[in-house]
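Asker: Sharing input.csv below, CSV, C-alpha atoms:
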chain,number,residue,atom,x,y,z
A,1,MET,CA,-4.8,-20.1,2.1
A,2,THR,CA,-6.3,-16.8,1.0
A,3,PHE,CA,-6.0,-13.8,3.2
A,4,LEU,CA,-8.3,-10.8,3.5
A,5,LEU,CA,-6.5,-7.5,4.0
A,6,THR,CA,-8.5,-4.5,5.1
A,7,VAL,CA,-6.9,-1.1,4.6
A,8,PRO,CA,-8.1,2.4,5.4
A,9,SER,CA,-10.1,3.8,2.5
A,10,ASN,CA,-8.2,7.1,2.6
A,11,ARG,CA,-5.0,5.1,1.9
A,12,SER,CA,-6.4,2.6,-0.5
A,13,SER,CA,-4.1,3.2,-3.5
A,14,THR,CA,-0.9,3.4,-1.4
A,15,MET,CA,-1.6,0.4,0.8
A,16,ARG,CA,-2.8,-1.8,-2.2
A,17,TRP,CA,0.5,-1.1,-4.0
A,18,VAL,CA,2.5,-2.0,-0.9
A,19,ALA,CA,0.4,-5.1,-0.2
A,20,GLU,CA,0.9,-6.5,-3.7
A,21,ILE,CA,4.7,-6.1,-3.3
A,22,VAL,CA,4.9,-7.4,0.3
A,23,PHE,CA,2.3,-10.2,0.4
A,24,GLY,CA,2.1,-11.1,-3.2
A,25,GLU,CA,5.7,-10.9,-4.5
A,26,MET,CA,8.0,-11.1,-1.4
A,27,LEU,CA,6.0,-13.6,0.6
A,28,GLY,CA,4.1,-15.4,-2.1
A,29,PHE,CA,0.5,-15.3,-0.7
A,30,THR,CA,-2.8,-14.6,-2.3
A,31,VAL,CA,-4.4,-11.6,-0.6
A,32,GLU,CA,-7.8,-10.1,-1.3
A,33,ILE,CA,-7.8,-6.4,-0.4
A,34,THR,CA,-10.7,-4.4,0.7
A,35,ASP,CA,-11.2,-0.8,2.0
A,36,GLY,CA,-12.4,-0.2,5.5
A,37,PRO,CA,-13.5,2.9,7.5
A,38,GLY,CA,-10.9,2.6,10.3
A,39,GLN,CA,-7.2,3.6,10.6
A,40,GLU,CA,-5.8,0.1,10.8
A,41,CYS,CA,-4.5,-2.6,8.4
A,42,VAL,CA,-6.0,-5.9,9.3
A,43,LEU,CA,-4.8,-9.2,7.8
A,44,ALA,CA,-7.3,-12.0,8.5
A,45,ALA,CA,-7.9,-15.7,7.8
A,46,GLU,CA,-9.4,-18.7,9.5
A,47,GLY,CA,-10.7,-16.6,12.4
A,48,ARG,CA,-7.3,-15.1,13.3
A,49,SER,CA,-6.0,-11.6,12.6
A,50,LEU,CA,-2.9,-9.5,12.5
A,51,VAL,CA,-3.6,-5.8,13.3
A,52,MET,CA,-1.3,-2.9,12.6
A,53,PRO,CA,-1.9,0.9,12.8
A,54,SER,CA,-2.1,2.8,9.6
A,55,ILE,CA,-0.5,6.2,10.2
A,56,PHE,CA,1.3,7.1,7.0
A,57,PRO,CA,0.9,8.5,4.4
A,58,ASP,CA,-1.8,11.2,4.4
A,59,LEU,CA,-1.8,12.4,0.8
A,60,ASP,CA,-5.1,14.2,1.2
A,61,ARG,CA,-3.3,17.1,3.0
A,62,GLU,CA,-2.1,20.1,1.1
A,63,ARG,CA,1.1,19.3,-0.7
A,64,SER,CA,2.9,22.0,1.3
A,65,GLN,CA,2.0,20.2,4.5
A,66,TRP,CA,3.4,16.8,3.5
A,67,VAL,CA,6.8,17.6,5.0
A,68,ALA,CA,5.3,17.5,8.4
A,69,GLN,CA,4.7,13.7,8.0
A,70,LEU,CA,8.4,12.9,8.0
A,71,PRO,CA,9.6,10.7,10.9
A,72,GLN,CA,11.2,12.7,13.7
A,73,LEU,CA,14.7,12.0,14.9
A,74,PRO,CA,15.9,10.3,17.0
A,75,LEU,CA,14.0,7.3,15.9
A,76,ALA,CA,12.6,4.8,18.4
A,77,GLU,CA,14.2,1.3,18.1
A,78,TRP,CA,12.8,-2.2,18.5
A,79,ASN,CA,14.7,-5.2,19.7
A,80,VAL,CA,12.8,-7.6,17.5
A,81,MET,CA,14.5,-10.8,18.8
A,82,GLU,CA,13.1,-10.2,22.3
A,83,SER,CA,9.5,-10.4,21.0
A,84,LEU,CA,10.0,-12.6,17.9
A,85,PRO,CA,13.2,-14.7,18.3
A,86,GLU,CA,12.3,-16.7,15.2
A,87,THR,CA,13.0,-13.7,12.9
A,88,ASP,CA,16.3,-13.2,11.0
A,89,VAL,CA,16.4,-9.5,12.1
A,90,GLU,CA,19.6,-8.7,14.1
A,91,GLY,CA,20.2,-5.6,16.2
A,92,LEU,CA,17.7,-2.8,16.9
A,93,LEU,CA,15.2,-2.1,14.1
A,94,PRO,CA,14.4,1.6,13.5
A,95,VAL,CA,10.8,2.5,14.0
A,96,LEU,CA,9.6,5.2,11.6
A,97,PHE,CA,5.9,5.3,12.4
A,98,GLY,CA,4.2,4.0,15.5
A,99,ASP,CA,5.5,2.4,18.7
A,100,PRO,CA,7.5,-0.8,19.2
A,101,ASP,CA,4.7,-2.6,21.1
A,102,LEU,CA,3.6,-6.1,20.4
A,103,SER,CA,0.5,-7.9,21.9
A,104,LEU,CA,0.4,-11.6,21.3
A,105,SER,CA,-2.5,-14.0,21.7
A,106,GLU,CA,-3.6,-17.2,20.1
A,107,ASP,CA,-6.1,-15.6,17.7
A,108,GLU,CA,-4.7,-12.1,17.3
A,109,ILE,CA,-1.5,-10.2,17.2
A,110,ARG,CA,-1.5,-6.4,17.6
A,111,CYS,CA,1.7,-4.7,16.4
A,112,GLY,CA,2.2,-1.0,17.3
A,113,ILE,CA,4.3,-0.2,14.3
A,114,ASP,CA,2.9,1.0,11.0
A,115,ILE,CA,4.8,-1.6,8.9
A,116,LEU,CA,3.1,-1.0,5.6
A,117,GLY,CA,3.4,2.8,5.9
A,118,THR,CA,7.1,2.4,6.6
A,119,ILE,CA,7.5,0.3,3.5
A,120,PHE,CA,5.6,2.9,1.5
A,121,PHE,CA,7.9,5.6,2.8
A,122,MET,CA,11.0,3.8,1.6
A,123,LEU,CA,9.8,2.4,-1.7
A,124,SER,CA,8.0,5.5,-2.9
A,125,ARG,CA,10.9,7.8,-1.8
A,126,PHE,CA,8.5,10.2,-0.2
A,127,GLU,CA,11.3,12.2,1.4
A,128,GLU,CA,12.7,13.1,-2.0
A,129,ILE,CA,9.3,14.6,-2.9
A,130,VAL,CA,9.1,16.9,0.2
A,131,LEU,CA,12.8,17.8,0.9
A,132,PRO,CA,14.7,20.4,-1.3
A,133,ASP,CA,18.2,19.0,-0.7
A,134,ARG,CA,20.1,18.4,-4.0
A,135,ASP,CA,23.7,18.3,-5.0
A,136,ARG,CA,25.3,20.2,-7.9
A,137,HIS,CA,24.0,17.5,-10.3
A,138,GLY,CA,20.5,17.9,-9.1
A,139,ARG,CA,20.6,14.6,-7.1
A,140,PHE,CA,19.1,13.9,-3.7
A,141,PRO,CA,22.1,13.0,-1.6
A,142,ALA,CA,22.4,10.1,0.8
A,143,GLU,CA,23.4,12.4,3.6
A,144,ALA,CA,20.1,14.2,3.4
A,145,SER,CA,18.1,10.9,3.8
A,146,LEU,CA,16.5,9.6,6.9
A,147,ALA,CA,18.3,6.3,6.4
A,148,TRP,CA,21.7,8.1,6.7
A,149,LYS,CA,20.7,10.4,9.5
A,150,GLY,CA,19.0,7.5,11.4
A,151,GLY,CA,21.9,5.1,10.9
A,152,PHE,CA,20.2,2.4,8.8
A,153,LEU,CA,21.3,3.2,5.2
A,154,TYR,CA,23.5,0.0,5.1
A,155,ARG,CA,20.6,-2.3,6.1
A,156,PRO,CA,17.6,-3.4,4.0
A,157,VAL,CA,14.9,-2.3,6.4
A,158,VAL,CA,12.1,-3.1,4.0
A,159,ASP,CA,13.3,-6.7,3.7
A,160,GLU,CA,13.7,-6.8,7.5
A,161,TYR,CA,10.2,-5.6,8.1
A,162,VAL,CA,8.9,-8.2,5.7
A,163,ASP,CA,10.6,-10.8,7.8
A,164,VAL,CA,8.9,-9.4,10.9
A,165,LEU,CA,5.5,-9.7,9.1
A,166,TRP,CA,6.3,-13.2,8.2
A,167,ALA,CA,7.3,-14.1,11.8
A,168,MET,CA,4.0,-12.8,13.1
A,169,MET,CA,2.0,-14.5,10.3
A,170,LYS,CA,3.8,-17.8,11.1
A,171,ARG,CA,2.8,-17.5,14.8
A,172,LEU,CA,-0.9,-17.1,13.8
A,173,TRP,CA,-0.9,-19.6,11.0
A,174,PRO,CA,1.8,-22.2,11.8
A,175,ARG,CA,1.2,-24.3,8.7
A,176,LEU,CA,2.1,-21.4,6.4
A,177,GLU,CA,5.2,-21.7,4.1
A,178,ARG,CA,6.5,-18.6,2.4
A,179,THR,CA,8.1,-18.2,-1.0
A,180,ARG,CA,11.9,-18.0,-0.5
A,181,ARG,CA,13.7,-15.9,-3.1
A,182,GLN,CA,17.1,-17.0,-4.3
A,183,GLY,CA,19.5,-14.1,-4.1
A,184,THR,CA,21.7,-13.3,-7.1
A,185,VAL,CA,24.4,-10.8,-7.9
A,186,LYS,CA,23.7,-8.6,-10.9
A,187,VAL,CA,26.8,-7.1,-12.4
A,188,SER,CA,26.7,-4.1,-14.7
A,189,CYS,CA,29.0,-1.6,-16.4
A,190,ASP,CA,28.2,2.0,-17.4
A,191,VAL,CA,30.0,2.6,-20.7
A,192,ASP,CA,31.1,6.2,-20.3
A,193,ARG,CA,34.7,6.3,-21.7
A,194,PRO,CA,35.4,3.0,-23.5
A,195,PHE,CA,38.5,4.3,-25.3
A,196,ASP,CA,41.5,6.6,-24.3
A,197,PRO,CA,40.4,10.1,-25.5
A,198,ILE,CA,43.9,10.7,-27.1
A,199,GLY,CA,43.6,7.5,-29.2
A,200,ARG,CA,42.5,9.4,-32.3
A,201,ASP,CA,43.4,13.0,-31.4
A,202,PRO,CA,47.0,14.1,-32.2
A,203,VAL,CA,46.5,17.5,-30.5
A,204,THR,CA,45.6,15.9,-27.2
A,205,LEU,CA,48.4,13.4,-27.6
A,206,LEU,CA,51.0,16.2,-28.0
A,207,ARG,CA,49.6,18.0,-25.0
A,208,VAL,CA,49.8,14.8,-22.9
A,209,LEU,CA,53.3,14.0,-24.1
A,210,ARG,CA,54.5,17.5,-23.2
A,211,HIS,CA,53.1,17.0,-19.7
A,212,GLU,CA,54.6,13.5,-19.2
A,213,LEU,CA,58.0,14.5,-20.6
A,214,LEU,CA,58.5,18.0,-19.4
A,215,VAL,CA,56.1,19.0,-16.7
A,216,LYS,CA,56.0,15.8,-14.6
A,217,PRO,CA,58.6,13.6,-16.2
A,218,ARG,CA,57.2,10.0,-16.7
A,219,PRO,CA,58.8,8.8,-19.9
A,220,GLY,CA,57.4,5.3,-19.4
A,221,ILE,CA,53.8,6.5,-19.4
A,222,ALA,CA,54.5,8.9,-22.3
A,223,ALA,CA,55.8,5.9,-24.3
A,224,LYS,CA,52.7,3.9,-23.6
A,225,ARG,CA,50.4,6.7,-24.6
A,226,ALA,CA,52.3,7.1,-27.9
A,227,VAL,CA,52.1,3.3,-28.6
A,228,ASN,CA,48.4,3.4,-27.9
A,229,PHE,CA,47.9,6.3,-30.3
A,230,VAL,CA,49.7,4.4,-33.1
A,231,ALA,CA,47.8,1.1,-32.3
A,232,HIS,CA,44.5,2.9,-32.4
A,233,ARG,CA,45.1,3.8,-36.1
A,234,PHE,CA,45.0,0.1,-36.9
A,235,GLY,CA,42.0,-0.8,-34.7
A,236,ASP,CA,44.3,-2.4,-32.0
A,237,TYR,CA,43.1,-1.6,-28.5
A,238,ARG,CA,45.5,-3.8,-26.5
A,239,PHE,CA,47.4,-0.9,-25.2
A,240,ASP,CA,44.4,1.3,-24.3
A,241,PRO,CA,44.1,1.6,-20.5
A,242,TYR,CA,40.4,2.5,-20.9
A,243,HIS,CA,39.5,-0.4,-23.0
A,244,THR,CA,39.2,-3.2,-20.5
A,245,PHE,CA,36.3,-5.1,-22.0
A,246,ASP,CA,38.1,-8.3,-22.9
A,247,TRP,CA,39.2,-8.6,-19.2
A,248,TYR,CA,35.7,-7.7,-18.0
A,249,LEU,CA,34.0,-10.3,-20.2
A,250,GLU,CA,36.4,-13.0,-19.2
A,251,ALA,CA,36.1,-12.2,-15.5
A,252,CYS,CA,32.3,-12.3,-15.7
A,253,GLU,CA,32.3,-15.6,-17.6
A,254,LYS,CA,34.7,-17.2,-15.2
A,255,ALA,CA,32.4,-16.2,-12.3
A,256,GLY,CA,29.3,-17.4,-14.2
A,257,ARG,CA,27.8,-13.9,-14.3
A,258,ALA,CA,25.9,-12.4,-17.2
A,259,ALA,CA,26.5,-8.6,-17.1
A,260,THR,CA,24.6,-5.7,-18.5
A,261,PHE,CA,26.4,-2.9,-20.3
A,262,TYR,CA,24.7,0.5,-20.4
A,263,PHE,CA,25.6,2.7,-23.4
A,264,ILE,CA,25.1,6.4,-23.8
A,265,ALA,CA,23.3,7.0,-27.1
A,266,ASP,CA,23.4,10.8,-27.3
A,267,HIS,CA,25.0,14.0,-25.9
A,268,SER,CA,22.2,16.0,-24.3
A,269,ALA,CA,24.6,17.9,-22.2
A,270,GLY,CA,27.8,17.9,-24.3
A,271,PRO,CA,31.1,16.3,-23.3
A,272,ILE,CA,29.9,15.2,-19.9
A,273,ASP,CA,27.9,12.5,-21.8
A,274,GLY,CA,30.8,10.1,-22.6
A,275,SER,CA,33.6,10.2,-25.2
A,276,TYR,CA,32.0,8.4,-28.2
A,277,ARG,CA,29.2,8.4,-30.7
A,278,ILE,CA,26.8,5.4,-30.5
A,279,ASP,CA,26.9,4.9,-34.3
A,280,GLU,CA,30.7,4.9,-34.8
A,281,PRO,CA,32.1,1.5,-36.1
A,282,ARG,CA,34.3,0.7,-33.1
A,283,ILE,CA,31.2,1.1,-30.7
A,284,VAL,CA,29.1,-1.0,-33.0
A,285,ASP,CA,31.8,-3.7,-33.0
A,286,LEU,CA,31.9,-3.5,-29.1
A,287,ILE,CA,28.1,-3.9,-28.9
A,288,HIS,CA,28.4,-7.0,-31.2
A,289,LYS,CA,31.2,-8.5,-29.0
A,290,ILE,CA,29.3,-8.0,-25.8
A,291,ALA,CA,26.1,-9.5,-27.1
A,292,THR,CA,27.7,-12.5,-28.8
A,293,HIS,CA,29.4,-13.3,-25.5
A,294,GLY,CA,25.9,-13.6,-23.9
A,295,HIS,CA,25.7,-10.3,-22.1
A,296,ASP,CA,22.9,-7.7,-22.2
A,297,ILE,CA,22.8,-4.2,-23.6
A,298,GLY,CA,21.0,-1.4,-21.8
A,299,VAL,CA,20.5,2.4,-22.1
A,300,HIS,CA,22.6,4.8,-20.1
A,301,GLY,CA,20.3,7.8,-20.2
A,302,SER,CA,22.4,10.9,-20.9
A,303,TYR,CA,22.8,13.7,-18.4
A,304,ASN,CA,19.6,15.7,-19.2
A,305,THR,CA,17.2,12.8,-19.9
A,306,PHE,CA,16.0,12.4,-16.3
A,307,ARG,CA,13.3,15.1,-16.9
A,308,ASP,CA,12.9,14.7,-20.7
A,309,VAL,CA,10.8,11.8,-22.0
A,310,SER,CA,11.3,12.8,-25.6
A,311,GLN,CA,15.1,12.6,-25.2
A,312,ILE,CA,14.8,9.3,-23.4
A,313,ARG,CA,12.7,7.9,-26.3
A,314,LYS,CA,15.2,9.3,-28.8
A,315,GLU,CA,18.2,7.6,-27.1
A,316,ARG,CA,16.5,4.3,-26.8
A,317,GLY,CA,15.8,4.4,-30.5
A,318,ARG,CA,19.4,5.4,-31.4
A,319,LEU,CA,20.8,2.5,-29.4
A,320,ALA,CA,18.4,0.2,-31.1
A,321,ASP,CA,19.7,1.4,-34.4
A,322,ALA,CA,23.3,0.7,-33.3
A,323,CYS,CA,22.3,-2.8,-32.2
A,324,ARG,CA,20.8,-3.5,-35.5
A,325,LYS,CA,24.0,-2.3,-37.2
A,326,ALA,CA,25.8,-4.7,-35.0
A,327,GLY,CA,23.6,-7.6,-36.2
A,328,ILE,CA,21.7,-8.2,-33.0
A,329,GLU,CA,18.2,-7.6,-31.8
A,330,ALA,CA,18.5,-6.3,-28.3
A,331,GLU,CA,15.3,-5.8,-26.3
A,332,LEU,CA,16.7,-2.7,-24.5
A,333,SER,CA,14.4,-3.2,-21.6
A,334,GLY,CA,16.7,-1.7,-19.0
A,335,ASN,CA,18.0,1.7,-18.2
A,336,ARG,CA,20.4,3.4,-15.8
A,337,GLN,CA,20.7,7.2,-15.6
A,338,HIS,CA,24.1,8.8,-16.3
A,339,TYR,CA,25.6,10.3,-13.1
A,340,LEU,CA,22.6,8.6,-11.4
A,341,ARG,CA,20.6,11.8,-12.0
A,342,TRP,CA,17.0,11.1,-10.8
A,343,ASP,CA,13.9,13.1,-10.0
A,344,THR,CA,11.5,10.9,-8.1
A,345,ALA,CA,8.6,13.1,-9.1
A,346,GLU,CA,9.3,12.7,-12.9
A,347,THR,CA,11.9,10.2,-13.9
A,348,PRO,CA,10.0,6.9,-13.2
A,349,ASP,CA,7.0,8.2,-15.2
A,350,HIS,CA,9.2,9.2,-18.2
A,351,LEU,CA,11.0,5.8,-18.3
A,352,ASP,CA,7.6,4.0,-18.0
A,353,GLU,CA,6.2,6.1,-20.9
A,354,ALA,CA,9.4,5.3,-23.0
A,355,GLY,CA,8.7,1.6,-22.7
A,356,PHE,CA,11.4,0.4,-20.3
A,357,ARG,CA,10.6,-2.6,-18.2
A,358,TYR,CA,13.1,-1.9,-15.5
A,359,ASP,CA,15.6,0.7,-14.2
A,360,THR,CA,18.8,0.3,-12.2
A,361,THR,CA,19.5,3.8,-11.0
A,362,GLY,CA,18.3,3.1,-7.5
A,363,SER,CA,21.3,4.0,-5.4
A,364,TYR,CA,22.9,7.2,-4.1
A,365,ALA,CA,25.9,8.7,-5.9
A,366,ASP,CA,27.7,9.7,-2.6
A,367,ARG,CA,27.2,6.5,-0.6
A,368,PRO,CA,26.5,2.8,-1.2
A,369,GLY,CA,23.6,1.3,0.6
A,370,PHE,CA,19.8,0.6,0.3
A,371,ARG,CA,18.2,3.8,-1.0
A,372,TYR,CA,14.8,1.9,-1.3
A,373,GLY,CA,15.4,-0.2,1.8
A,374,THR,CA,15.4,-3.4,-0.3
A,375,SER,CA,17.5,-5.4,-2.7
A,376,HIS,CA,14.4,-6.9,-4.3
A,377,PRO,CA,12.9,-5.7,-7.6
A,378,PHE,CA,9.5,-4.0,-7.3
A,379,ALA,CA,7.0,-2.0,-9.4
A,380,MET,CA,7.7,1.7,-9.0
A,381,TRP,CA,5.3,4.3,-7.7
A,382,SER,CA,4.1,7.3,-9.8
A,383,TRP,CA,3.9,10.5,-7.8
A,384,ARG,CA,2.3,12.1,-10.9
A,385,HIS,CA,-0.6,9.7,-10.9
A,386,GLN,CA,-0.3,8.4,-7.3
A,387,ALA,CA,-0.6,4.9,-8.6
A,388,PRO,CA,1.8,2.0,-9.5
A,389,LEU,CA,3.7,2.0,-12.7
A,390,ARG,CA,4.6,-0.9,-15.0
A,391,ILE,CA,8.4,-0.2,-14.8
A,392,ARG,CA,10.2,-2.0,-12.1
A,393,GLN,CA,13.2,-0.9,-10.0
A,394,HIS,CA,16.1,-3.2,-9.7
A,395,PRO,CA,18.0,-1.4,-6.9
A,396,LEU,CA,21.6,-0.6,-7.3
A,397,VAL,CA,23.3,-1.4,-4.0
A,398,LEU,CA,27.0,-0.8,-4.6
A,399,MET,CA,28.9,1.3,-7.2
A,400,GLU,CA,32.6,1.6,-7.2
A,401,CYS,CA,32.6,5.4,-7.1
A,402,SER,CA,30.3,5.7,-4.1
Since I need it in another form, could you write the structure as structure tokens?

Answerer:
Amino acid sequence: MTFLLTVPSNRSSTMRWVAEIVFGEMLGFTVEITDGPGQECVLAAEGRSLVMPSIFPDLDRERSQWVAQLPQLPLAEWNVMESLPETDVEGLLPVLFGDPDLSLSEDEIRCGIDILGTIFFMLSRFEEIVLPDRDRHGRFPAEASLAWKGGFLYRPVVDEYVDVLWAMMKRLWPRLERTRRQGTVKVSCDVDRPFDPIGRDPVTLLRVLRHELLVKPRPGIAAKRAVNFVAHRFGDYRFDPYHTFDWYLEACEKAGRAATFYFIADHSAGPIDGSYRIDEPRIVDLIHKIATHGHDIGVHGSYNTFRDVSQIRKERGRLADACRKAGIEAELSGNRQHYLRWDTAETPDHLDEAGFRYDTTGSYADRPGFRYGTSHPFAMWSWRHQAPLRIRQHPLVLMECS
């Protein structure tokens, strides 16, 4: 079955992007999209239609006025199970735009919630464009987000709204069958400090030994650090508390998981960018070990790359050179930003220009949860061009620090 989706002409680019993700990728249907004069999104087929208001966004306004489009707290809530008991949505679903009204008939369903606008709000990270809140590393914090303030950061509201759409579509077109995605766990590791910093630095060793023997006496730890220092001279990392890669690889393989290891390839901000050079032999050997065990290599964009496309390109090239030295041809299609530094207005465009196919920075540094409201990959939105990008976001949901 082919559906016709009519969207407001003044929201054509935004609604087409959302529709391709929701109906094409998440639900698996062919949808022909056309522009219409009204302020509704209408999904139609076989003489039946699903009608939703189109309230958000209004990008024709002056940029300074965009902040007025943010949803107001407290948010209305919708008990979906009362109206659509066949959904998988549990609890009260937050309503960002519109009203939780539902009118059902045999040939038409009218939903009072702007579902596609809500999904655009979450996936595009609109609030990060209009709000000034940033932490000391220039990151938009979770606690400034609507999801945190509205109490839904820990639930994938985009995925839940897709389930609501599906339930309404199933009511109108009972013979429909949707595409069911198989969930997987993606494991990854940011390689920041792969070796104990004192391993090759006698001055640091002496300072540490002084602390462990005289200031805060812990002779056992002092002995271990000294043994590790000596072992490092012979390329033996068994005693290095930082070097846990053998354990990591074994644990992933026992669990049947292929992991991705993101390496920092340059020091755009000095010591904050890891404790190694990407071309040193022990790092090249580590890359070789990871790749030959069937795991992937990615770029961990250094601290200042999030607003610098030339630095991003440089680091991808440096890591490619290190991979070639390791005797492997790595695609280096994936990236994650160091410290999760991210500028929604710039970083996606820069990564797209640099040739990355996907990014995995999509979480907050201060809280776990669903920054984009979804756990599914999707093509990112460019605020510079107000159009979809080629690069896809693979949302990071849980990081051990947050």

Asker: Which residues, written as an mmCIF file with C-alpha atoms, in the coordinates of the input, have at least one atom at most 7 Å from Val284 of chain A, with all atoms listed in the file counted and residues fewer than 3 positions away on the same chain left out?

Answerer:
data_model
loop_
_atom_site.group_PDB
_atom_site.id
_atom_site.type_symbol
_atom_site.label_atom_id
_atom_site.label_comp_id
_atom_site.auth_asym_id
_atom_site.auth_seq_id
_atom_site.Cartn_x
_atom_site.Cartn_y
_atom_site.Cartn_z
ATOM 1 C CA ASP A 279 26.900 4.900 -34.300
ATOM 2 C CA GLU A 280 30.700 4.900 -34.800
ATOM 3 C CA PRO A 281 32.100 1.500 -36.100
ATOM 4 C CA ILE A 287 28.100 -3.900 -28.900
ATOM 5 C CA HIS A 288 28.400 -7.000 -31.200
ATOM 6 C CA ALA A 322 23.300 0.700 -33.300
ATOM 7 C CA LYS A 325 24.000 -2.300 -37.200
ATOM 8 C CA ALA A 326 25.800 -4.700 -35.000
#

Asker: For Ser402 of chain A, which of A:Ala142, A:Ile21, A:Val162, A:Ala265 is the closest residue, counting only C-alpha atoms?

Answerer: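 The shortest atom-to-atom distance to Ser402 of chain A comes from A:Ala142.
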
Asker: Pick the closest to Pro377 of chain A from A:Gly91, A:Gly270, A:Gly183, A:Pro202: which is it, counting all atoms listed in the file?

Answerer: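 Distance minimum relative to Pro377 of chain A lands on A:Gly183.
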
Asker: Between atom CA of Ile391 of chain A and atom CA of Asp352 of chain A, what distance in Å does the model show, to one decimal?

Answerer: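 Answer for the atom CA of Ile391 of chain A to atom CA of Asp352 of chain A separation: 5.3 Å.
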
Asker: Contacts of segment 111-128 of chain A at 9 Å or less, counting all atoms listed in the file, minus same-chain residues fewer than 6 places along, as number ranges by chain?

Answerer: A: 14-15, 17-19, 22, 40-41, 50-57, 67, 70, 95-104, 140, 145-146, 157-158, 161-162, 165, 343-345, 371-374, 378, 380-383

Asker: Using all atoms listed in the file for the distances, tell me which of A:Arg384, A:Arg324, A:Cys189, A:Arg313 is nearest to Gly298 of chain A.

Answerer: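 The answer is A:Cys189, which sits nearest to Gly298 of chain A.
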
Asker: Looking at A:Val164, A:Arg316, A:Pro348, A:His338, which one is nearest to Ala387 of chain A, with distances taken over only C-alpha atoms?

Answerer: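 The answer is A:Pro348, which sits nearest to Ala387 of chain A.
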
Asker: Using atom CA of Leu172 of chain A and atom CA of Phe152 of chain A as the two end points, give the distance in Å to one decimal.

Answerer: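 These atoms are spaced 29.2 Å apart.
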
Asker: Could you please determine the separation between atom CA of Tyr364 of chain A and atom CA of Pro132 of chain A in Å, to one decimal place?

Answerer: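 Taking atom CA of Tyr364 of chain A and atom CA of Pro132 of chain A, their separation equals 15.8 Å.
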
Asker: Rank A:Arg367, A:His137, A:Arg16, A:Arg48 by their smallest atom-to-atom distance to Trp173 of chain A, using all atoms listed in the file, and report the top residue only.

Answerer: A:Arg48

Asker: Find, counting only C-alpha atoms, the residue in A:Phe356, A:His385, A:Ser375, A:Arg341 that gets nearest to Arg136 of chain A.

Answerer: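 For Arg136 of chain A, the nearest of the given residues is A:Arg341.
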
Asker: Give me the residues near Gly317 of chain A as a ChimeraX atom specification, where near means some atom within 10 Å (using all atoms listed in the file) and where sequence neighbours in that chain fewer than 6 positions away do not count.

Answerer: /A:265,299,311,323,332,354
